[in-house]
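Data from input-v2.cif: mmCIF, C-alpha atoms
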```cif
data_final
#
loop_
_atom_site.group_PDB
_atom_site.id
_atom_site.type_symbol
_atom_site.label_atom_id
_atom_site.label_comp_id
_atom_site.auth_asym_id
_atom_site.auth_seq_id
_atom_site.Cartn_x
_atom_site.Cartn_y
_atom_site.Cartn_z
ATOM 1 C CA GLY H 203 -10.805 -10.331 -0.874
ATOM 2 C CA LEU H 204 -14.370 -11.479 -0.662
ATOM 3 C CA VAL H 205 -15.706 -12.990 -3.853
ATOM 4 C CA GLY H 206 -18.897 -14.799 -4.772
ATOM 5 C CA VAL H 207 -21.678 -15.006 -7.271
ATOM 6 C CA ARG H 208 -24.351 -12.336 -7.467
ATOM 7 C CA GLN H 209 -26.827 -12.195 -4.605
ATOM 8 C CA SER H 210 -24.751 -14.465 -2.357
ATOM 9 C CA GLY H 211 -24.493 -12.137 0.672
ATOM 10 C CA LYS H 212 -21.187 -10.331 0.104
ATOM 11 C CA THR H 213 -22.605 -6.888 0.955
ATOM 12 C CA THR H 214 -24.411 -8.300 3.981
ATOM 13 C CA THR H 215 -21.169 -9.856 5.189
ATOM 14 C CA LEU H 216 -19.306 -6.557 4.773
ATOM 15 C CA ALA H 217 -22.000 -4.769 6.783
ATOM 16 C CA GLN H 218 -21.148 -7.018 9.745
ATOM 17 C CA LEU H 219 -17.502 -5.920 9.922
ATOM 18 C CA ASP H 220 -16.521 -4.103 13.106
ATOM 19 C CA ASN H 221 -16.011 -0.337 13.299
ATOM 20 C CA ASN H 222 -12.297 -0.588 12.465
ATOM 21 C CA TRP H 223 -13.304 -1.193 8.833
ATOM 22 C CA LYS H 224 -14.244 1.515 6.340
ATOM 23 C CA VAL H 225 -16.525 0.168 3.595
ATOM 24 C CA TYR H 226 -16.808 2.007 0.278
ATOM 25 C CA ASP H 227 -19.837 1.190 -1.858
ATOM 26 C CA LEU H 228 -18.781 1.715 -5.463
ATOM 27 C CA GLU H 229 -22.431 1.982 -6.520
ATOM 28 C CA ASN H 230 -22.605 5.138 -4.384
ATOM 29 C CA ALA H 231 -21.441 8.047 -6.560
ATOM 30 C CA SER H 232 -19.504 9.820 -3.813
ATOM 31 C CA ASP H 233 -17.699 6.646 -2.705
ATOM 32 C CA TYR H 234 -16.907 5.812 -6.310
ATOM 33 C CA GLU H 235 -15.476 9.289 -6.909
ATOM 34 C CA VAL H 236 -13.185 9.048 -3.865
ATOM 35 C CA VAL H 237 -11.752 5.721 -5.060
ATOM 36 C CA ALA H 238 -11.711 6.399 -8.811
ATOM 37 C CA ARG H 239 -10.106 9.843 -8.621
ATOM 38 C CA ASP H 240 -6.702 8.285 -7.889
ATOM 39 C CA PRO H 241 -6.921 4.562 -7.052
ATOM 40 C CA ASP H 242 -3.198 4.259 -6.331
ATOM 41 C CA LEU H 243 -3.275 7.122 -3.837
ATOM 42 C CA PHE H 244 -6.499 5.819 -2.320
ATOM 43 C CA LEU H 245 -4.952 2.411 -1.663
ATOM 44 C CA ARG H 246 -1.756 3.924 -0.262
ATOM 45 C CA LEU H 247 -3.770 6.093 2.125
ATOM 46 C CA ASN H 248 -6.143 3.251 3.026
ATOM 47 C CA SER H 249 -3.819 0.313 3.414
ATOM 48 C CA GLY H 250 -5.471 -0.985 6.568
ATOM 49 C CA PHE H 251 -9.014 -2.030 7.194
ATOM 50 C CA VAL H 252 -10.816 -1.004 3.995
ATOM 51 C CA ALA H 253 -13.384 -2.852 1.906
ATOM 52 C CA LEU H 254 -14.597 -1.979 -1.584
ATOM 53 C CA ASP H 255 -18.079 -3.217 -2.368
#
```
Using structure tokens, write down the structure that the file contains.
Amino acid sequence: GLVGVRQSGKTTTLAQLDNNWKVYDLENASDYEVVARDPDLFLRLNSGFVALD
């Protein structure tokens, strides 16, 4: 988990993760749809290096 107040650099920090990480931007409609369709399934299928922004 990465938490912080607004505008504190969380997204910038996530952008610096290595290529093993998959970052989903929940403000992006297609990313949001993938996660929101079935969050339980999403987390079971993506139990490794995944970040939700």
Separation of CA of Gly211 (chain H) from CA of Arg246 (chain H) in Å: 27.9 Å
Pick from H:Gly250, H:Thr213, H:Arg239, H:Leu204, whichever lies nearest to Asp227 (chain H) using only C-alpha atoms: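 The shortest atom-to-atom distance to Asp227 (chain H) comes from H:Thr213.
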d(CA of Lys224 (chain H), CA of Leu254 (chain H)) in Å: 8.7 Å
For Val205 (chain H), list every protein, DNA or RNA residue within 12 Å, evaluated using only C-alpha atoms, and leave out those in the same chain fewer than 2 positions away; present the list as a short mmCIF file (atom, residue, chain, number, x, y, z; two decimals) with C-alpha atoms, in the coordinates of the input.
```cif
data_model
loop_
_atom_site.label_atom_id
_atom_site.label_comp_id
_atom_site.auth_asym_id
_atom_site.auth_seq_id
_atom_site.Cartn_x
_atom_site.Cartn_y
_atom_site.Cartn_z
CA GLY H 203 -10.80 -10.33 -0.87
CA VAL H 207 -21.68 -15.01 -7.27
CA ARG H 208 -24.35 -12.34 -7.47
CA GLN H 209 -26.83 -12.20 -4.61
CA SER H 210 -24.75 -14.46 -2.36
CA GLY H 211 -24.49 -12.14 0.67
CA LYS H 212 -21.19 -10.33 0.10
CA THR H 213 -22.60 -6.89 0.96
CA THR H 215 -21.17 -9.86 5.19
CA LEU H 216 -19.31 -6.56 4.77
CA ALA H 253 -13.38 -2.85 1.91
CA LEU H 254 -14.60 -1.98 -1.58
CA ASP H 255 -18.08 -3.22 -2.37
#
```
Between CA of Leu219 (chain H) and CA of Asp240 (chain H), distance in Å (one decimal):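 If I compute the distance from CA of Leu219 (chain H) to CA of Asp240 (chain H), I get 25.2 Å.
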Result set of the PyMOL selection byres ((chain H and resi 228) around 12) on the coordinates above, as a PyMOL selection string: chain H and resi 213+225-227+229-238+253-255
